[in-house]
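Participant: Next comes the structure file query_39.cif, holding mmCIF, C-alpha atoms and all ligand atoms; chains and numbers go by the auth columns.
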data_input
#
loop_
_atom_site.group_PDB
_atom_site.id
_atom_site.type_symbol
_atom_site.label_atom_id
_atom_site.label_comp_id
_atom_site.label_asym_id
_atom_site.label_seq_id
_atom_site.Cartn_x
_atom_site.Cartn_y
_atom_site.Cartn_z
_atom_site.B_iso_or_equiv
_atom_site.auth_seq_id
_atom_site.auth_asym_id
ATOM 1 C CA MET A 1 0.831 21.549 -94.939 0.00 1 Q
ATOM 2 C CA ASN A 2 1.318 24.814 -96.792 0.00 2 Q
ATOM 3 C CA GLN A 3 -0.599 23.429 -99.717 0.00 3 Q
ATOM 4 C CA GLN A 4 -3.518 22.564 -97.444 0.00 4 Q
ATOM 5 C CA LEU A 5 -3.440 26.061 -96.035 0.00 5 Q
ATOM 6 C CA LEU A 6 -3.496 27.655 -99.478 0.00 6 Q
ATOM 7 C CA SER A 7 -6.182 25.221 -100.639 0.00 7 Q
ATOM 8 C CA ARG A 8 -8.366 26.373 -97.774 0.00 8 Q
ATOM 9 C CA LEU A 9 -7.664 29.993 -98.697 0.00 9 Q
ATOM 10 C CA ALA A 10 -8.549 29.272 -102.318 0.00 10 Q
ATOM 11 C CA GLY A 11 -11.842 27.760 -101.189 0.00 11 Q
ATOM 12 C CA ALA A 12 -12.544 30.736 -98.945 0.00 12 Q
ATOM 13 C CA LEU A 13 -11.843 33.167 -101.789 0.00 13 Q
ATOM 14 C CA THR A 14 -14.069 31.397 -104.285 0.00 14 Q
ATOM 15 C CA SER A 15 -16.911 30.940 -101.781 0.00 15 Q
ATOM 16 C CA GLY A 16 -16.741 34.553 -100.562 0.00 16 Q
ATOM 17 C CA GLN A 17 -15.771 33.575 -97.015 0.00 17 Q
ATOM 18 C CA VAL A 18 -12.695 35.733 -97.594 0.00 18 Q
ATOM 19 C CA ARG A 19 -13.528 39.030 -99.258 0.00 19 Q
ATOM 20 C CA VAL A 20 -11.314 41.489 -101.109 0.00 20 Q
ATOM 21 C CA ILE A 21 -11.578 45.186 -100.218 0.00 21 Q
ATOM 22 C CA ASP A 22 -10.075 47.771 -102.560 0.00 22 Q
ATOM 23 C CA LEU A 23 -8.027 50.314 -100.601 0.00 23 Q
ATOM 24 C CA THR A 24 -7.005 52.289 -103.709 0.00 24 Q
ATOM 25 C CA ASN A 25 -8.018 55.701 -105.030 0.00 25 Q
ATOM 26 C CA THR A 26 -8.534 56.061 -108.787 0.00 26 Q
ATOM 27 C CA LEU A 27 -5.532 57.597 -110.581 0.00 27 Q
ATOM 28 C CA SER A 28 -6.684 60.643 -112.518 0.00 28 Q
ATOM 29 C CA PRO A 29 -5.294 64.096 -113.343 0.00 29 Q
ATOM 30 C CA GLU A 30 -7.624 65.510 -110.706 0.00 30 Q
ATOM 31 C CA PHE A 31 -6.286 63.413 -107.833 0.00 31 Q
ATOM 32 C CA PRO A 32 -4.332 65.796 -105.570 0.00 32 Q
ATOM 33 C CA VAL A 33 -0.669 65.327 -104.740 0.00 33 Q
ATOM 34 C CA ILE A 34 1.324 66.571 -101.786 0.00 34 Q
ATOM 35 C CA VAL A 35 2.305 70.259 -101.991 0.00 35 Q
ATOM 36 C CA LEU A 36 5.702 71.139 -100.529 0.00 36 Q
ATOM 37 C CA PRO A 37 6.863 74.618 -99.526 0.00 37 Q
ATOM 38 C CA PRO A 38 7.537 76.571 -102.746 0.00 38 Q
ATOM 39 C CA GLU A 39 11.348 76.517 -102.463 0.00 39 Q
ATOM 40 C CA PHE A 40 11.351 72.725 -103.083 0.00 40 Q
ATOM 41 C CA GLY A 41 10.738 70.621 -106.192 0.00 41 Q
ATOM 42 C CA GLN A 42 7.139 69.474 -106.545 0.00 42 Q
ATOM 43 C CA CYS A 43 5.328 66.180 -107.070 0.00 43 Q
ATOM 44 C CA MET A 44 3.698 65.748 -110.496 0.00 44 Q
ATOM 45 C CA THR A 45 0.034 64.893 -110.837 0.00 45 Q
ATOM 46 C CA PHE A 46 -1.074 61.961 -112.999 0.00 46 Q
ATOM 47 C CA ARG A 47 -1.046 62.586 -116.749 0.00 47 Q
ATOM 48 C CA MET A 48 -2.518 60.407 -119.501 0.00 48 Q
ATOM 49 C CA GLU A 49 -2.182 60.866 -123.243 0.00 49 Q
ATOM 50 C CA GLU A 50 -4.034 58.716 -125.715 0.00 50 Q
ATOM 51 C CA VAL A 51 -1.865 56.855 -128.242 0.00 51 Q
ATOM 52 C CA SER A 52 -4.744 55.275 -130.151 0.00 52 Q
ATOM 53 C CA ARG A 53 -8.362 54.321 -129.631 0.00 53 Q
ATOM 54 C CA TYR A 54 -9.598 52.209 -132.534 0.00 54 Q
ATOM 55 C CA ASN A 55 -8.596 55.001 -134.938 0.00 55 Q
ATOM 56 C CA GLU A 56 -5.949 55.851 -137.511 0.00 56 Q
ATOM 57 C CA ASN A 57 -3.169 55.564 -134.854 0.00 57 Q
ATOM 58 C CA GLY A 58 -4.290 52.047 -134.038 0.00 58 Q
ATOM 59 C CA PRO A 59 -7.433 50.770 -135.710 0.00 59 Q
ATOM 60 C CA ALA A 60 -8.018 47.773 -133.438 0.00 60 Q
ATOM 61 C CA TRP A 61 -6.453 48.866 -130.165 0.00 61 Q
ATOM 62 C CA TYR A 62 -6.736 51.370 -127.339 0.00 62 Q
ATOM 63 C CA TRP A 63 -3.825 52.466 -125.140 0.00 63 Q
ATOM 64 C CA ASN A 64 -2.386 55.478 -123.374 0.00 64 Q
ATOM 65 C CA ASN A 65 0.985 56.867 -122.369 0.00 65 Q
ATOM 66 C CA ILE A 66 0.988 57.783 -118.699 0.00 66 Q
ATOM 67 C CA SER A 67 3.360 59.784 -116.502 0.00 67 Q
ATOM 68 C CA MET A 68 3.422 60.732 -112.839 0.00 68 Q
ATOM 69 C CA ASN A 69 5.616 61.052 -109.779 0.00 69 Q
ATOM 70 C CA GLU A 70 6.544 57.909 -107.858 0.00 70 Q
ATOM 71 C CA HIS A 71 4.428 59.408 -105.048 0.00 71 Q
ATOM 72 C CA THR A 72 1.269 60.243 -107.020 0.00 72 Q
ATOM 73 C CA GLY A 73 -2.059 58.760 -105.942 0.00 73 Q
ATOM 74 C CA THR A 74 -2.301 55.728 -103.691 0.00 74 Q
ATOM 75 C CA HIS A 75 1.377 54.891 -103.325 0.00 75 Q
ATOM 76 C CA PHE A 76 4.151 53.065 -101.483 0.00 76 Q
ATOM 77 C CA ASP A 77 7.158 54.782 -99.841 0.00 77 Q
ATOM 78 C CA ALA A 78 10.435 52.850 -99.851 0.00 78 Q
ATOM 79 C CA PRO A 79 13.181 53.517 -97.258 0.00 79 Q
ATOM 80 C CA ALA A 80 15.308 55.288 -99.906 0.00 80 Q
ATOM 81 C CA HIS A 81 12.592 57.955 -100.117 0.00 81 Q
ATOM 82 C CA TRP A 82 14.144 59.609 -97.054 0.00 82 Q
ATOM 83 C CA VAL A 83 17.707 60.704 -96.359 0.00 83 Q
ATOM 84 C CA THR A 84 17.655 58.650 -93.145 0.00 84 Q
ATOM 85 C CA GLY A 85 17.209 55.487 -95.249 0.00 85 Q
ATOM 86 C CA LYS A 86 19.565 56.359 -98.097 0.00 86 Q
ATOM 87 C CA ASP A 87 22.342 53.918 -97.130 0.00 87 Q
ATOM 88 C CA LEU A 88 20.206 50.962 -96.027 0.00 88 Q
ATOM 89 C CA PRO A 89 20.442 47.700 -97.987 0.00 89 Q
ATOM 90 C CA SER A 90 17.570 46.809 -100.359 0.00 90 Q
ATOM 91 C CA ASN A 91 16.028 50.226 -99.799 0.00 91 Q
ATOM 92 C CA THR A 92 14.399 50.777 -103.212 0.00 92 Q
ATOM 93 C CA VAL A 93 11.170 49.306 -104.568 0.00 93 Q
ATOM 94 C CA ASP A 94 12.951 46.903 -106.930 0.00 94 Q
ATOM 95 C CA ALA A 95 15.112 45.505 -104.110 0.00 95 Q
ATOM 96 C CA ILE A 96 12.672 45.161 -101.205 0.00 96 Q
ATOM 97 C CA PRO A 97 12.035 41.441 -100.570 0.00 97 Q
ATOM 98 C CA ALA A 98 8.603 40.528 -101.943 0.00 98 Q
ATOM 99 C CA GLN A 99 7.652 38.822 -98.683 0.00 99 Q
ATOM 100 C CA ASN A 100 6.915 42.317 -97.348 0.00 100 Q
ATOM 101 C CA PHE A 101 4.222 42.926 -99.937 0.00 101 Q
ATOM 102 C CA VAL A 102 1.709 40.595 -98.268 0.00 102 Q
ATOM 103 C CA ALA A 103 1.285 41.364 -94.572 0.00 103 Q
ATOM 104 C CA PRO A 104 -1.299 41.662 -91.781 0.00 104 Q
ATOM 105 C CA VAL A 105 -2.679 45.035 -90.711 0.00 105 Q
ATOM 106 C CA VAL A 106 -3.973 46.480 -87.461 0.00 106 Q
ATOM 107 C CA VAL A 107 -6.371 49.407 -87.866 0.00 107 Q
ATOM 108 C CA ILE A 108 -6.319 52.229 -85.326 0.00 108 Q
ATOM 109 C CA ASP A 109 -9.439 54.361 -85.601 0.00 109 Q
ATOM 110 C CA ILE A 110 -8.719 58.056 -85.091 0.00 110 Q
ATOM 111 C CA SER A 111 -11.630 59.230 -87.249 0.00 111 Q
ATOM 112 C CA THR A 112 -13.520 60.892 -84.374 0.00 112 Q
ATOM 113 C CA GLU A 113 -10.438 62.731 -83.146 0.00 113 Q
ATOM 114 C CA SER A 114 -9.508 63.755 -86.706 0.00 114 Q
ATOM 115 C CA ALA A 115 -13.005 65.088 -87.414 0.00 115 Q
ATOM 116 C CA ALA A 116 -12.812 67.246 -84.272 0.00 116 Q
ATOM 117 C CA ASP A 117 -9.240 68.421 -84.949 0.00 117 Q
ATOM 118 C CA ALA A 118 -7.660 68.278 -88.422 0.00 118 Q
ATOM 119 C CA ASP A 119 -4.257 68.623 -86.738 0.00 119 Q
ATOM 120 C CA PHE A 120 -4.830 65.675 -84.408 0.00 120 Q
ATOM 121 C CA VAL A 121 -1.480 64.204 -83.367 0.00 121 Q
ATOM 122 C CA VAL A 122 -1.130 60.525 -82.442 0.00 122 Q
ATOM 123 C CA THR A 123 1.225 60.201 -79.472 0.00 123 Q
ATOM 124 C CA ARG A 124 2.764 57.245 -77.681 0.00 124 Q
ATOM 125 C CA GLU A 125 0.328 57.888 -74.823 0.00 125 Q
ATOM 126 C CA PHE A 126 -2.608 57.683 -77.262 0.00 126 Q
ATOM 127 C CA LEU A 127 -1.343 54.343 -78.597 0.00 127 Q
ATOM 128 C CA GLU A 128 -0.836 52.945 -75.092 0.00 128 Q
ATOM 129 C CA ASN A 129 -4.379 53.962 -74.149 0.00 129 Q
ATOM 130 C CA TRP A 130 -5.626 52.411 -77.387 0.00 130 Q
ATOM 131 C CA GLU A 131 -3.872 49.144 -76.507 0.00 131 Q
ATOM 132 C CA GLU A 132 -5.501 49.095 -73.071 0.00 132 Q
ATOM 133 C CA LYS A 133 -8.920 49.149 -74.721 0.00 133 Q
ATOM 134 C CA ASN A 134 -8.234 47.032 -77.810 0.00 134 Q
ATOM 135 C CA GLY A 135 -5.290 44.786 -77.009 0.00 135 Q
ATOM 136 C CA PRO A 136 -1.646 45.014 -78.063 0.00 136 Q
ATOM 137 C CA ILE A 137 -0.594 46.083 -81.539 0.00 137 Q
ATOM 138 C CA PRO A 138 0.769 42.816 -82.981 0.00 138 Q
ATOM 139 C CA LEU A 139 4.354 42.636 -84.199 0.00 139 Q
ATOM 140 C CA ARG A 140 5.327 42.898 -87.908 0.00 140 Q
ATOM 141 C CA HIS A 141 2.001 44.402 -88.979 0.00 141 Q
ATOM 142 C CA TRP A 142 1.161 47.373 -91.098 0.00 142 Q
ATOM 143 C CA ILE A 143 -0.216 49.942 -88.661 0.00 143 Q
ATOM 144 C CA ALA A 144 -3.087 51.746 -90.405 0.00 144 Q
ATOM 145 C CA LEU A 145 -4.504 55.030 -89.154 0.00 145 Q
ATOM 146 C CA ARG A 146 -8.177 55.247 -90.053 0.00 146 Q
ATOM 147 C CA THR A 147 -9.086 58.931 -90.332 0.00 147 Q
ATOM 148 C CA ASP A 148 -11.947 58.704 -92.866 0.00 148 Q
ATOM 149 C CA TRP A 149 -9.877 61.300 -94.750 0.00 149 Q
ATOM 150 C CA TYR A 150 -10.606 59.458 -97.997 0.00 150 Q
ATOM 151 C CA LYS A 151 -14.170 60.741 -97.807 0.00 151 Q
ATOM 152 C CA ARG A 152 -12.732 64.217 -98.447 0.00 152 Q
ATOM 153 C CA VAL A 153 -11.211 63.229 -101.818 0.00 153 Q
ATOM 154 C CA GLY A 154 -12.608 65.559 -104.470 0.00 154 Q
ATOM 155 C CA THR A 155 -12.914 68.458 -102.015 0.00 155 Q
ATOM 156 C CA PRO A 156 -10.373 71.085 -100.873 0.00 156 Q
ATOM 157 C CA GLU A 157 -10.594 69.559 -97.401 0.00 157 Q
ATOM 158 C CA TYR A 158 -8.536 66.562 -98.545 0.00 158 Q
ATOM 159 C CA LEU A 159 -5.220 68.435 -98.702 0.00 159 Q
ATOM 160 C CA ASN A 160 -6.792 71.026 -96.391 0.00 160 Q
ATOM 161 C CA LEU A 161 -4.312 73.734 -97.401 0.00 161 Q
ATOM 162 C CA GLN A 162 -4.357 76.942 -95.381 0.00 162 Q
ATOM 163 C CA GLU A 163 -2.014 79.916 -95.585 0.00 163 Q
ATOM 164 C CA ASP A 164 0.398 78.093 -93.285 0.00 164 Q
ATOM 165 C CA GLY A 165 0.339 74.812 -95.202 0.00 165 Q
ATOM 166 C CA ALA A 166 -1.636 71.554 -95.002 0.00 166 Q
ATOM 167 C CA HIS A 167 -3.667 70.484 -92.004 0.00 167 Q
ATOM 168 C CA SER A 168 -4.162 66.742 -91.596 0.00 168 Q
ATOM 169 C CA PRO A 169 -3.614 64.254 -88.765 0.00 169 Q
ATOM 170 C CA GLY A 170 -0.503 62.170 -88.152 0.00 170 Q
ATOM 171 C CA PRO A 171 1.891 60.800 -85.536 0.00 171 Q
ATOM 172 C CA ASP A 172 4.572 62.530 -83.496 0.00 172 Q
ATOM 173 C CA ALA A 173 8.092 61.171 -83.061 0.00 173 Q
ATOM 174 C CA GLY A 174 7.264 59.303 -79.850 0.00 174 Q
ATOM 175 C CA ALA A 175 4.409 57.428 -81.529 0.00 175 Q
ATOM 176 C CA VAL A 176 6.550 56.401 -84.502 0.00 176 Q
ATOM 177 C CA GLU A 177 9.424 55.313 -82.232 0.00 177 Q
ATOM 178 C CA PHE A 178 6.906 53.144 -80.350 0.00 178 Q
ATOM 179 C CA MET A 179 5.523 51.625 -83.566 0.00 179 Q
ATOM 180 C CA VAL A 180 8.987 50.839 -84.946 0.00 180 Q
ATOM 181 C CA HIS A 181 11.042 49.858 -81.904 0.00 181 Q
ATOM 182 C CA GLU A 182 8.424 48.350 -79.594 0.00 182 Q
ATOM 183 C CA ARG A 183 5.848 46.970 -82.052 0.00 183 Q
ATOM 184 C CA ASP A 184 8.268 46.233 -84.923 0.00 184 Q
ATOM 185 C CA CYS A 185 5.763 47.555 -87.471 0.00 185 Q
ATOM 186 C CA LEU A 186 6.229 46.780 -91.143 0.00 186 Q
ATOM 187 C CA GLY A 187 5.172 50.328 -91.929 0.00 187 Q
ATOM 188 C CA LEU A 188 2.531 53.001 -91.498 0.00 188 Q
ATOM 189 C CA ALA A 189 -0.552 53.086 -93.732 0.00 189 Q
ATOM 190 C CA VAL A 190 -2.714 56.229 -93.989 0.00 190 Q
ATOM 191 C CA GLU A 191 -5.575 57.772 -95.953 0.00 191 Q
ATOM 192 C CA THR A 192 -3.953 61.209 -96.015 0.00 192 Q
ATOM 193 C CA VAL A 193 -1.467 62.351 -98.665 0.00 193 Q
ATOM 194 C CA GLY A 194 1.544 61.625 -96.440 0.00 194 Q
ATOM 195 C CA THR A 195 2.422 59.411 -93.476 0.00 195 Q
ATOM 196 C CA ASP A 196 3.220 62.617 -91.610 0.00 196 Q
ATOM 197 C CA ALA A 197 0.739 65.173 -90.335 0.00 197 Q
ATOM 198 C CA GLY A 198 0.134 68.197 -92.542 0.00 198 Q
ATOM 199 C CA GLN A 199 2.006 70.452 -90.112 0.00 199 Q
ATOM 200 C CA ALA A 200 4.826 67.965 -89.429 0.00 200 Q
ATOM 201 C CA PHE A 201 7.464 70.236 -90.981 0.00 201 Q
ATOM 202 C CA HIS A 202 7.264 71.972 -87.582 0.00 202 Q
ATOM 203 C CA PHE A 203 7.588 68.785 -85.497 0.00 203 Q
ATOM 204 C CA ASN A 204 10.783 67.661 -83.772 0.00 204 Q
ATOM 205 C CA PRO A 205 12.343 66.086 -85.733 0.00 205 Q
ATOM 206 C CA PRO A 206 10.585 67.493 -88.807 0.00 206 Q
ATOM 207 C CA LEU A 207 8.462 64.867 -90.609 0.00 207 Q
ATOM 208 C CA PRO A 208 9.048 62.233 -87.909 0.00 208 Q
ATOM 209 C CA ALA A 209 7.126 59.451 -89.687 0.00 209 Q
ATOM 210 C CA HIS A 210 9.276 59.689 -92.811 0.00 210 Q
ATOM 211 C CA SER A 211 12.463 60.203 -90.816 0.00 211 Q
ATOM 212 C CA ILE A 212 12.012 57.374 -88.321 0.00 212 Q
ATOM 213 C CA LEU A 213 10.152 54.824 -90.480 0.00 213 Q
ATOM 214 C CA HIS A 214 12.533 54.985 -93.419 0.00 214 Q
ATOM 215 C CA GLY A 215 15.640 55.327 -91.238 0.00 215 Q
ATOM 216 C CA ASN A 216 14.651 51.945 -89.773 0.00 216 Q
ATOM 217 C CA ASN A 217 13.904 50.256 -93.117 0.00 217 Q
ATOM 218 C CA ARG A 218 10.102 50.514 -92.725 0.00 218 Q
ATOM 219 C CA PHE A 219 7.595 51.477 -95.382 0.00 219 Q
ATOM 220 C CA GLY A 220 4.766 53.903 -95.966 0.00 220 Q
ATOM 221 C CA LEU A 221 1.396 53.569 -97.703 0.00 221 Q
ATOM 222 C CA GLN A 222 -0.521 56.742 -98.474 0.00 222 Q
ATOM 223 C CA CYS A 223 -3.771 57.933 -100.012 0.00 223 Q
ATOM 224 C CA LEU A 224 -5.599 54.729 -99.056 0.00 224 Q
ATOM 225 C CA THR A 225 -9.384 54.434 -99.075 0.00 225 Q
ATOM 226 C CA ASN A 226 -11.878 52.287 -97.179 0.00 226 Q
ATOM 227 C CA LEU A 227 -9.929 51.707 -93.990 0.00 227 Q
ATOM 228 C CA ASP A 228 -13.340 51.945 -92.272 0.00 228 Q
ATOM 229 C CA LYS A 229 -14.254 48.685 -94.049 0.00 229 Q
ATOM 230 C CA LEU A 230 -11.498 46.736 -92.277 0.00 230 Q
ATOM 231 C CA PRO A 231 -11.648 45.014 -88.879 0.00 231 Q
ATOM 232 C CA THR A 232 -9.309 46.235 -86.141 0.00 232 Q
ATOM 233 C CA PHE A 233 -7.361 42.958 -86.308 0.00 233 Q
ATOM 234 C CA GLY A 234 -7.193 40.140 -88.827 0.00 234 Q
ATOM 235 C CA ALA A 235 -7.052 41.678 -92.301 0.00 235 Q
ATOM 236 C CA ILE A 236 -4.186 41.052 -94.724 0.00 236 Q
ATOM 237 C CA ILE A 237 -2.855 43.801 -96.996 0.00 237 Q
ATOM 238 C CA VAL A 238 -1.468 43.043 -100.449 0.00 238 Q
ATOM 239 C CA ALA A 239 0.602 46.017 -101.620 0.00 239 Q
ATOM 240 C CA CYS A 240 3.091 45.387 -104.439 0.00 240 Q
ATOM 241 C CA PRO A 241 4.907 48.502 -105.701 0.00 241 Q
ATOM 242 C CA LEU A 242 5.984 48.625 -109.322 0.00 242 Q
ATOM 243 C CA LYS A 243 9.497 47.225 -109.785 0.00 243 Q
ATOM 244 C CA ILE A 244 11.077 50.541 -110.754 0.00 244 Q
ATOM 245 C CA GLU A 245 14.873 50.306 -110.902 0.00 245 Q
ATOM 246 C CA GLY A 246 16.192 52.360 -107.986 0.00 246 Q
ATOM 247 C CA GLY A 247 12.699 53.692 -107.319 0.00 247 Q
ATOM 248 C CA SER A 248 11.912 55.618 -104.118 0.00 248 Q
ATOM 249 C CA GLY A 249 8.259 54.586 -104.188 0.00 249 Q
ATOM 250 C CA SER A 250 5.474 53.677 -106.548 0.00 250 Q
ATOM 251 C CA PRO A 251 1.795 54.109 -107.258 0.00 251 Q
ATOM 252 C CA LEU A 252 0.083 50.760 -106.738 0.00 252 Q
ATOM 253 C CA ARG A 253 -3.177 48.926 -106.290 0.00 253 Q
ATOM 254 C CA VAL A 254 -3.655 48.053 -102.624 0.00 254 Q
ATOM 255 C CA ILE A 255 -6.168 45.408 -101.595 0.00 255 Q
ATOM 256 C CA ALA A 256 -7.096 43.854 -98.270 0.00 256 Q
ATOM 257 C CA LEU A 257 -8.293 40.319 -97.593 0.00 257 Q
ATOM 258 C CA VAL A 258 -10.877 40.155 -94.800 0.00 258 Q
ATOM 259 C CA ASP A 259 -12.955 37.431 -93.226 0.00 259 Q
ATOM 260 C CA GLY A 260 -16.419 37.530 -94.748 0.00 260 Q
ATOM 261 C CA GLU A 261 -17.882 37.972 -91.274 0.00 261 Q
ATOM 262 C CA ASP A 262 -15.902 41.194 -90.880 0.00 262 Q
ATOM 263 C CA ALA A 263 -16.882 42.758 -94.215 0.00 263 Q
HETATM 264 MN MN MN B . 5.235 59.236 -100.598 0.00 301 Q
#
Can you turn what I pasted into structure tokens?

Facilitator:
Amino acid sequence: MNQQLLSRLAGALTSGQVRVIDLTNTLSPEFPVIVLPPEFGQCMTFRMEEVSRYNENGPAWYWNNISMNEHTGTHFDAPAHWVTGKDLPSNTVDAIPAQNFVAPVVVIDISTESAADADFVVTREFLENWEEKNGPIPLRHWIALRTDWYKRVGTPEYLNLQEDGAHSPGPDAGAVEFMVHERDCLGLAVETVGTDAGQAFHFNPPLPAHSILHGNNRFGLQCLTNLDKLPTFGAIIVACPLKIEGGSGSPLRVIALVDGEDA
């Protein structure tokens, strides 16, 4: 039975009936990383140093040494990333069961609201209204917030730093509690640099997405692109973090499988 199912998927992939959408930003030294208040340690940008390129250091081969933070570029947050998840079992990227790395996604479009208000906050009430129009958020899905924020990459409006910190949309505590406890989400997937809003240091509790998601063994995906290319329901996300021993997160390539009719 399973073999028949996968055979059909294989046929759909080769015929183009199922398409693959890249949800990943390109890793480069220019790609911005989250900026914390200055009293805290900071996230490192991507660095790349050539070892050889068909030259005296390696006449027939090209390769680079690379370094970065676990949370640089398009990346995955493991539960151990947050103090609320520090004692959970299998809470690091090397220990998370691989079954979680292939999962369906529901896309909630807040691009209009986010364009009108960079500090747009998703509340439980907003999600309940969304469900009335679109249908229930299915259980055990990635919940993706489409903001179209990826279109700001390469401009200062991506981080959107002002004197009082970053300004970008995100959920409040009530919304995250709803996603986790009533919709059993696998995690929260966003185009912004963090699962929390830019001003979420001032929320109650501070950084509610990180605090509540990771405290309940859920995951985060950040700095995604192309969420506007996905259907509201029915896409599958493949997101496999690097198997870093004890790692709190990892840069990764994220792809989505969509029905050809939806792409
Ligand atoms: Mn992160």

Participant: Using the chain letters and numbers from this file, what does the PyMOL selection byres (((chain Q and resi 233-247) around 10) and not hetatm) select? Give the answer as JSON, numbers by chain.

Facilitator: {"Q": [18, 19, 20, 21, 22, 23, 70, 75, 76, 77, 78, 80, 81, 90, 91, 92, 93, 94, 95, 96, 98, 99, 100, 101, 102, 103, 104, 105, 106, 107, 108, 134, 135, 137, 138, 141, 142, 221, 230, 231, 232, 248, 249, 250, 251, 252, 253, 254, 255, 256, 257, 258, 259, 262]}

Participant: Write the selection just made, keeping C-alpha atoms, as an mmCIF file, in the frame of the given file?

Facilitator:
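Okay, this is what ended up in out07.cif:
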data_model
loop_
_atom_site.group_PDB
_atom_site.id
_atom_site.type_symbol
_atom_site.label_atom_id
_atom_site.label_comp_id
_atom_site.auth_asym_id
_atom_site.auth_seq_id
_atom_site.Cartn_x
_atom_site.Cartn_y
_atom_site.Cartn_z
ATOM 1 C CA VAL Q 18 -12.695 35.733 -97.594
ATOM 2 C CA ARG Q 19 -13.528 39.030 -99.258
ATOM 3 C CA VAL Q 20 -11.314 41.489 -101.109
ATOM 4 C CA ILE Q 21 -11.578 45.186 -100.218
ATOM 5 C CA ASP Q 22 -10.075 47.771 -102.560
ATOM 6 C CA LEU Q 23 -8.027 50.314 -100.601
ATOM 7 C CA GLU Q 70 6.544 57.909 -107.858
ATOM 8 C CA HIS Q 75 1.377 54.891 -103.325
ATOM 9 C CA PHE Q 76 4.151 53.065 -101.483
ATOM 10 C CA ASP Q 77 7.158 54.782 -99.841
ATOM 11 C CA ALA Q 78 10.435 52.850 -99.851
ATOM 12 C CA ALA Q 80 15.308 55.288 -99.906
ATOM 13 C CA HIS Q 81 12.592 57.955 -100.117
ATOM 14 C CA SER Q 90 17.570 46.809 -100.359
ATOM 15 C CA ASN Q 91 16.028 50.226 -99.799
ATOM 16 C CA THR Q 92 14.399 50.777 -103.212
ATOM 17 C CA VAL Q 93 11.170 49.306 -104.568
ATOM 18 C CA ASP Q 94 12.951 46.903 -106.930
ATOM 19 C CA ALA Q 95 15.112 45.505 -104.110
ATOM 20 C CA ILE Q 96 12.672 45.161 -101.205
ATOM 21 C CA ALA Q 98 8.603 40.528 -101.943
ATOM 22 C CA GLN Q 99 7.652 38.822 -98.683
ATOM 23 C CA ASN Q 100 6.915 42.317 -97.348
ATOM 24 C CA PHE Q 101 4.222 42.926 -99.937
ATOM 25 C CA VAL Q 102 1.709 40.595 -98.268
ATOM 26 C CA ALA Q 103 1.285 41.364 -94.572
ATOM 27 C CA PRO Q 104 -1.299 41.662 -91.781
ATOM 28 C CA VAL Q 105 -2.679 45.035 -90.711
ATOM 29 C CA VAL Q 106 -3.973 46.480 -87.461
ATOM 30 C CA VAL Q 107 -6.371 49.407 -87.866
ATOM 31 C CA ILE Q 108 -6.319 52.229 -85.326
ATOM 32 C CA ASN Q 134 -8.234 47.032 -77.810
ATOM 33 C CA GLY Q 135 -5.290 44.786 -77.009
ATOM 34 C CA ILE Q 137 -0.594 46.083 -81.539
ATOM 35 C CA PRO Q 138 0.769 42.816 -82.981
ATOM 36 C CA HIS Q 141 2.001 44.402 -88.979
ATOM 37 C CA TRP Q 142 1.161 47.373 -91.098
ATOM 38 C CA LEU Q 221 1.396 53.569 -97.703
ATOM 39 C CA LEU Q 230 -11.498 46.736 -92.277
ATOM 40 C CA PRO Q 231 -11.648 45.014 -88.879
ATOM 41 C CA THR Q 232 -9.309 46.235 -86.141
ATOM 42 C CA SER Q 248 11.912 55.618 -104.118
ATOM 43 C CA GLY Q 249 8.259 54.586 -104.188
ATOM 44 C CA SER Q 250 5.474 53.677 -106.548
ATOM 45 C CA PRO Q 251 1.795 54.109 -107.258
ATOM 46 C CA LEU Q 252 0.083 50.760 -106.738
ATOM 47 C CA ARG Q 253 -3.177 48.926 -106.290
ATOM 48 C CA VAL Q 254 -3.655 48.053 -102.624
ATOM 49 C CA ILE Q 255 -6.168 45.408 -101.595
ATOM 50 C CA ALA Q 256 -7.096 43.854 -98.270
ATOM 51 C CA LEU Q 257 -8.293 40.319 -97.593
ATOM 52 C CA VAL Q 258 -10.877 40.155 -94.800
ATOM 53 C CA ASP Q 259 -12.955 37.431 -93.226
ATOM 54 C CA ASP Q 262 -15.902 41.194 -90.880
#

Participant: List as an MDAnalysis selection string: which residues have an atom within 6 Å of (10.6, 66.9, -85.0), counting only C-alpha atoms?

Facilitator: chainID Q and resid 203:206 208

Participant: Could you check which of Q:Gly215, Q:Pro32, Q:Gly170, Q:Pro136 is closest to Ala200 (chain Q), using all atoms listed in the file?

Facilitator: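 Answer, going by the shortest atom-to-atom distance: Q:Gly170.
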
Participant: Restricting the calculation to all atoms listed in the file, which member of Q:Arg8, Q:His214, Q:Arg152, Q:Arg124 is positioned closest to Met179 (chain Q)?

Facilitator: Q:Arg124

Participant: Residues near Cys43 (chain Q), anyone? I mean within 7 Å using only C-alpha atoms, not counting same-chain ones fewer than 2 positions away, as a list in words.

Facilitator: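 Returned residues: Val33, Ile34, Thr45 and Asn69 of chain Q.
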
Participant: What is the distance between CA of Thr84 (chain Q) and CA of Ser211 (chain Q), in Å to one decimal?

Facilitator: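 A separation of 5.9 Å between them.
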
Participant: Looking at Q:His71, Q:Ala60, Q:Val193, Q:Leu127, which one is nearest to ligand MN 301 (chain Q), with distances taken over all atoms listed in the file?

Facilitator: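 Checking each of Q:His71, Q:Ala60, Q:Val193, Q:Leu127 against ligand MN 301 (chain Q), counting all atoms listed in the file, the winner is Q:His71.
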
Participant: Leaving out Asp109 (chain Q) and any residue of its chain fewer than 3 positions from it, which residues lie within 7 Å of it when counting all atoms listed in the file, given as an NGL selection string?

Facilitator: :Q and (145-147)

Participant: I need the residue nearest Thr14 (chain Q) from this list: Q:Gly260, Q:Lys229, Q:Arg183, Q:Phe219. Use all atoms listed in the file for the distance.

Facilitator: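 Distance minimum relative to Thr14 (chain Q) lands on Q:Gly260.
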